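Here's the structure we're looking at; comments come further down.
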Amino acid sequence: MEGARIARLELRRKDLRFPFPEGLEARAAGRRIVALGRRAKYLLIDLDDGTTIISHLGMSGSFRIETGPVTDAPGEFHHARSKDEKHDHAIFHLEGPAGPSRVIYNDPRRFGFMDMAERTALEVNPFLFGLGPEPTGNELSAAYLARRFAGKAQPLKSALLDQKNIAGLGNIYVCEALWRSHLKPTRAAASLVTKTGRPTQQMELLVSSIRDVIADAIKAGGSSLRDHIQTDGSLGYFQHSFSVYDRESLPCRTPGCGGTVARIVQAGRSTFYCPVCQK
DNA sequence: CCTTGAACCTGGGCGC
DNA sequence: TGCGCCCAGGTTCAAG
């Protein structure tokens, strides 16, 4: 996709969760993609005119890539548009050195959305403004989190899910990171900060667990659930290595623990944890 | 300020 | 077989 020219951006409906921004198709047409980036859970597509397309997959969105000319043969198969295909909402028709290809945005539940902004004004885009540091970079540290969590009675789970504290952690990875660091999700965020505002030992452990969870998930190819798939159509398989997420009533996987995974609801989201080894 | 809850949307799974 | 209900994912916004 990088380096390719967008022959046409085809929007097959006027909105996802929000309307597509005014003039998106016209702005994208004929432009070259100079870079692909990511911030938190937003995909950033940099065009050669200084525009950046901002795309979020929501909960059920995915991109898939098709190469070669369109094989939309007329005739008997035309009526048989697959269930999946009807949720193809945006199609980037690309022209690259290797010929035509398409990058297709599919989103059955339409919780995703797209926006566009001038690259020079990205930080003030409403979706990107105020996001915390990436969990994979040096900016995330125990000392930083201690500053953010000091004095907060908010449950640890909710604080970690807050994108203003750390950008890009979702429900699954927060549950997994807390389990790895043996921390109870209902603890106050401030309980990992000393009276003098320094991170506790447990905070250090939490930060390294967050890094490890993300690294392991990337290595394993992502966490797509159920019908949610990879760009090549295969299922992400990190879901097979969840330690607590979606394991209610199953044995805790901490060696020698013997506990049973519980499910509670915090701020309207499911939290899975082991009441025995997470304290 | 902090915290919770509803809304957005669809399809899969389950109980009857 | 089908209907109705609940649930999942992420983010914003309104209300307590």
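Ligands are numbered from 1 in the order shown, chains are lettered A, B, ... in the order of the structure tokens, and residues start at 1 in each chain.
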
**OP:** Provide as a ChimeraX atom specification the residues of chain A at most 12 Å from chain C, counting only C-alpha atoms (C1' of nucleotides).
**Re:** /A:17-18,40-42,56-61,107-113,126-128,161-163,168-172,223-228,246,268-270

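These are the residues of region 70-146 of chain A assigned helix (DSSP H, G or I) by DSSP from backbone coordinates: His78, His79, Ala80, Glu85, Lys86, His87, Arg119, Thr120, Ala121, Leu122, Glu123, Val124, Ala142, Ala143, Tyr144, Leu145 and Ala146 of chain A.
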
**OP:** Write out as a PyMOL selection string each polymer residue whose atoms come within 7 Å of Val213 (chain A), counting only C-alpha atoms (C1' of nucleotides); drop sequence neighbours fewer than 4 positions from it.
**Re:** chain A and resi 173+176-177+209+217

Original post:
So which residues touch region 179-190 of chain A within 6 Å, counting only C-alpha atoms (C1' of nucleotides), skipping near sequence neighbours fewer than 2 positions away, as a list in words?
Top reply: Phe149, Ala150, Gly151, Lys152, Ala153, Gln154, Pro155, Leu156, Lys157, Glu176, Ala177, Leu192, Val193, Leu205, Leu206, Cys277, Gln278 and Lys279 of chain A

Would you tabulate, counting only C-alpha atoms (C1' of nucleotides), all residues of chain B that have an atom at most 7 Å from an atom of chain A, showing the closest pair of atoms and their distance in Å to one decimal, sorted by chain then ascending number, as a tab-separated table?
```
residue	atom	partner	partner_atom	distance
B:DT4	C1'	A:Ala267	CA	6.2
B:DC8	C1'	A:Arg17	CA	6.8
B:DC9	C1'	A:Arg109	CA	4.6
B:DT10	C1'	A:Arg109	CA	4.6
```

**OP:** In Å, rounded to a single decimal, give me how far CA of Gly3 (chain A) is from CA of Gly68 (chain A).
**Re:** 16.8 Å

**OP:** Could you tell me how far CA of Arg263 (chain A) lies from CA of Leu160 (chain A), in Å and to one decimal?
**Re:**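 Straight-line distance from CA of Arg263 (chain A) to CA of Leu160 (chain A) works out to 17.5 Å.
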
Tell me, which residues of region 9-132 of chain A carry DSSP strand (DSSP E), written as a tab-separated table (two decimals) with C-alpha atoms, in the first residue's frame?
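And here is the file that came out, result20.tsv:
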```tsv
chain	number	residue	atom	x	y	z
A	9	LEU	CA	-11.55	5.63	-3.02
A	10	GLU	CA	-14.92	3.98	-3.25
A	11	LEU	CA	-17.29	4.66	-0.35
A	33	ILE	CA	0.33	7.07	-0.23
A	34	VAL	CA	3.64	8.26	1.18
A	35	ALA	CA	3.51	6.49	4.54
A	36	LEU	CA	1.40	4.33	6.82
A	37	GLY	CA	1.43	4.93	10.53
A	38	ARG	CA	-0.47	4.17	13.68
A	39	ARG	CA	-1.33	6.04	16.85
A	42	TYR	CA	-5.90	4.60	14.76
A	43	LEU	CA	-4.40	3.80	11.39
A	44	LEU	CA	-2.83	6.85	9.74
A	45	ILE	CA	-2.58	6.98	5.95
A	46	ASP	CA	-0.35	9.82	4.79
A	47	LEU	CA	-1.08	11.18	1.32
A	51	THR	CA	-3.52	15.01	4.09
A	52	THR	CA	-3.69	12.15	6.57
A	53	ILE	CA	-6.61	9.75	6.54
A	54	ILE	CA	-7.39	8.56	10.07
A	55	SER	CA	-9.09	5.20	10.31
A	56	HIS	CA	-10.38	3.26	13.29
A	62	SER	CA	-10.81	-5.22	9.33
A	63	PHE	CA	-8.84	-4.45	6.20
A	64	ARG	CA	-8.16	-7.09	3.61
A	65	ILE	CA	-6.01	-6.88	0.53
A	66	GLU	CA	-6.89	-8.16	-2.91
A	67	THR	CA	-4.42	-8.10	-5.74
A	88	ASP	CA	-17.27	-3.90	2.55
A	89	HIS	CA	-17.85	-0.20	3.20
A	90	ALA	CA	-14.77	1.45	1.73
A	91	ILE	CA	-12.46	0.28	-1.03
A	92	PHE	CA	-9.10	1.84	-1.82
A	93	HIS	CA	-8.50	1.06	-5.49
A	94	LEU	CA	-4.71	1.16	-5.77
A	95	GLU	CA	-2.32	1.29	-8.69
A	96	GLY	CA	1.19	0.14	-7.88
A	99	GLY	CA	-0.48	-3.62	-11.00
A	100	PRO	CA	-3.88	-2.93	-9.49
A	101	SER	CA	-4.90	-3.97	-6.01
A	102	ARG	CA	-7.58	-3.14	-3.50
A	103	VAL	CA	-7.49	-2.52	0.21
A	104	ILE	CA	-10.95	-3.17	1.53
A	105	TYR	CA	-12.40	-1.89	4.78
A	106	ASN	CA	-14.97	-4.35	6.11
A	113	PHE	CA	-14.99	5.39	11.37
A	114	MET	CA	-12.74	7.48	9.16
A	115	ASP	CA	-11.63	11.06	9.39
A	116	MET	CA	-9.07	13.17	7.62
A	117	ALA	CA	-6.81	15.98	8.76
A	118	GLU	CA	-3.87	18.08	7.68
```

Original post:
Hey, can you check how far CA of Val124 (chain A) sits from CA of Pro21 (chain A)?
Top reply: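 Computing it gives 16.4 Å between the two atoms.
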